[in-house]
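In what follows, a single structure is set out as structure tokens and then discussed.
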Amino acid sequence: MALKKGSVSGFAKHEDEGGNGGIGGYRLVLAVLVALSVLASMPFVVVSGFHSIGEGVISSSPSKGVIDDIPVSTNNTATIGVNSSVNNNFTLSLSLVGNSSVDAISMLSQTTVVSRGTLQVEEDTSLGGYTRTSYFYDKLLALVFRALLLTLMSFTCYRTEFIYLPVFPKAARRIAREERNENQLLELDLDPPNEDTIVKLENANMQASELVDSSITGKYSKWKKENKNKNQDSTIRLMRDQIIMARIYLSISEKKRKLDLVQELQICLKRSRGVLGEANIDAELHYSAPKKIKAMADVLSKARDQLFDCKLVTRKLRAMLLTEEEKVRRLKRQNTFLIQLGVKGIPGGIRCLSLRLTIDYYLLPPERRNFPRSENLEDPRFHHYALSTDNVLAAAVVVNSTVMNAKDSSKHVFHLVTDSLNFGALKMWFLLNPPEEATIHVENLDELKWLNSSYCPVLRQLNSAAMREYYFKAGHSTTRSSSASNLKYRNPKYLSMLNHLRFYLPQIFPELDKILFLDDDIVVQKDLTGLWLVDLEGKVNGAVETCVENFHRFDKYLNFSNSFIAREFDPNACGWAYGMNIFDLKEWKKRNLTGVYHTWQNLNEDRLLWKLGTLPPGLMTFYGLTYSLNKSWHVLGLGYNPSINPSEIENAAVIHYNGNMKPWMEMAMTKYRPYWTKYIDYDHPYLRQCNFVK
């Protein structure tokens, strides 16, 4: 007969209910193991003088055909049994209950299967050089030592069920594979949402937008200072934990028809939730909270004694986790949709302001519609600013903040370009509110006759059927991958030619040598005269770089799987920001950079080089031609980042509300809004008529 290695496979079903109740069981286990070790060592005296007889081998797989289990001894923490099989083999099995590491214990567990009949041992090359008898003797000693060690480890065990796995490679791989399959089946039992349902839900919420960079970090984070104190609001945390466990045991008790326990759990859940209410700190809890906690603890203890099942509790926890994760995803999609809807919409106050100003402008006689000091508009000795906008209030803040912080406002000239819809409103505002001694000019985009679809590729593309299809019908996707396209670029601002005028500054202002380009969501806090004194060292664009480590580099904006992009650009090149840029228009015209922009725009008609927007083509057009300005000139992120260092904001010459949370919207971050509102006179008659409030 052969000596085989088998598997120990024990399920612990009992619990140590208290005190010293299990000590006698441990002594019994130790006594049985010592007796077995003495009896098992006797054959070695006989075996040590013999060579192998027949064809005995050491097997790495467990015995087959086990038909009955003979329990030898059980107690609260361990079970010892002997399994008999049809081929007259016996298997010694040991089961323990504990909370130690399954992997650590299973590495220690071994099983010996002793066959009735003549004891035979044959050397196996897989034993790593052991002799026939020394290998068997060492293994049995190791078994005794490990069994003793397992018994000692079981003193710390409590209410956890383990299955001890063999350490042999083939068996271990097989059992691990079976466990993976079981886990997959368990997960299937949780009834996950249907794939079609998920896709429909995503599409419904993503028709307007998806993956908008609008996450507000810092509003809740476990790393926040107030969450570092583990004892803070401990009562609320305890009650919430109790409610979670009560929900688990309620589900289990309903399945097992423990009706009395179901009723008790339901009553405790209702009372605990009533006390908890919407409280967020312990001080907000009702005075009866301690009584409810004690009552819930008693019921949970009773439920644990009757219903505790590690696998079932784990399944319920996993199901609850998946449910909560789905709720979070759904709320994120709703948040994305609402934010994008708010971004696309125009606040009612701004619409009201624009309409009132437009009506009053066209009621003016023609001779009163012109601005003074028009002779300064083409004089290169002045400091010229370019601003394209359709927002009257935003333009007013940009101009007012620049003039109020200028050392000599008479040296500054503002060139505003807007569409025909807002042309009258913008002119009327600055006719009523002239910016001190500064010069201002408002131009109508529709009057730039040279800017047409035959000259401008982006204008031709915006009017194409393919672009209309992309903007207005592409949201009806049928697959998860297609619905994951970045819909944040389908913002109406990308349909406006005002957003692309920055590439035509030399054509709009042919007489100027330098110009400072500003976005309408910025606030100027210092005199900007120094920017005209910066030596750009032969480059065209002076801008603040935005890359930090691996963030905001070219590979974030451009598709480097395209051969054109990969050949021409470095993926690790540092990105920079629009919003405040000083341009050398003479060098621009010399290098024909508008033509370079047209080339790239024509190549991107199918949007394979980049999605949409003006920053990617700007990075390409001014590649190698951008001079890095000091970061204090331009601080970004006030429209999405709540954790900007206040000292950086205070020391910045220009602050930029890039992002979705514009300062003129209700969703603006309140701590940043005062930097913008300080340049608005809310007592202005037009603002009062349109119900503007701080």
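Lettering and numbering for the structure tokens are positional, with chains as A, B, ... in the shown order, residues counted from 1 in each chain, and ligands counted from 1 in the shown order.
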Quiz item: Can you list, as a PyMOL selection string, every protein, DNA or RNA residue that comes within 7 Å of Ala653 in chain A when you count only C-alpha atoms, leaving out same-chain residues fewer than 5 positions away?
Solution: chain A and resi 524-526+632-634
Self-check item: Spatial neighbours of Asp555 in chain A, 7 Å, only C-alpha atoms, chain gap at least 5 places, as a ChimeraX atom specification
Solution: /A:560,571-572
Let's have the selection written as an mmCIF file, in the first residue's frame, with C-alpha atoms.
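Just written: out-v9.cif:
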data_model
loop_
_atom_site.group_PDB
_atom_site.id
_atom_site.type_symbol
_atom_site.label_atom_id
_atom_site.label_comp_id
_atom_site.auth_asym_id
_atom_site.auth_seq_id
_atom_site.Cartn_x
_atom_site.Cartn_y
_atom_site.Cartn_z
ATOM 1 C CA PHE A 560 -0.406 60.907 -29.741
ATOM 2 C CA PRO A 571 4.104 64.304 -25.244
ATOM 3 C CA ASN A 572 5.870 65.560 -22.108
#
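Taking CA of Leu445 in chain A and CA of Val417 in chain A as the two end points, the separation is 6.2 Å.
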Quiz item: Which parts of range 208-384 of chain A does DSSP call alpha helix (DSSP H) when run on the backbone here, written out as a PyMOL selection string?
Solution: chain A and resi 234-255+259-276+289-307+310-344+348-363
Quiz item: His384 in chain A: which residues within 8 Å, counting only C-alpha atoms, same-chain residues fewer than 6 positions away excluded, as a list in words?
Solution: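 Residues near the query, excluding close chain neighbours: His412, Val413, Phe414, His415, Lys514, Ile515 and Leu516 of chain A.
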Quiz item: Which residues, written as a ChimeraX atom specification, have at least one atom at most 7 Å from range 279-282 of chain A, with only C-alpha atoms counted and residues fewer than 4 positions away on the same chain left out?
Solution: /A:233,235-236
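Nearest to Ala543 in chain A of all the residues A:Phe509, A:Tyr627, A:Tyr557, A:Tyr597 is A:Tyr627, counting only C-alpha atoms.
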Quiz prompt | Residue nearest Arg356 in chain A among A:Pro290, A:Gly424, A:Gly637, A:Gly613 (counting only C-alpha atoms) | solution = A:Gly424
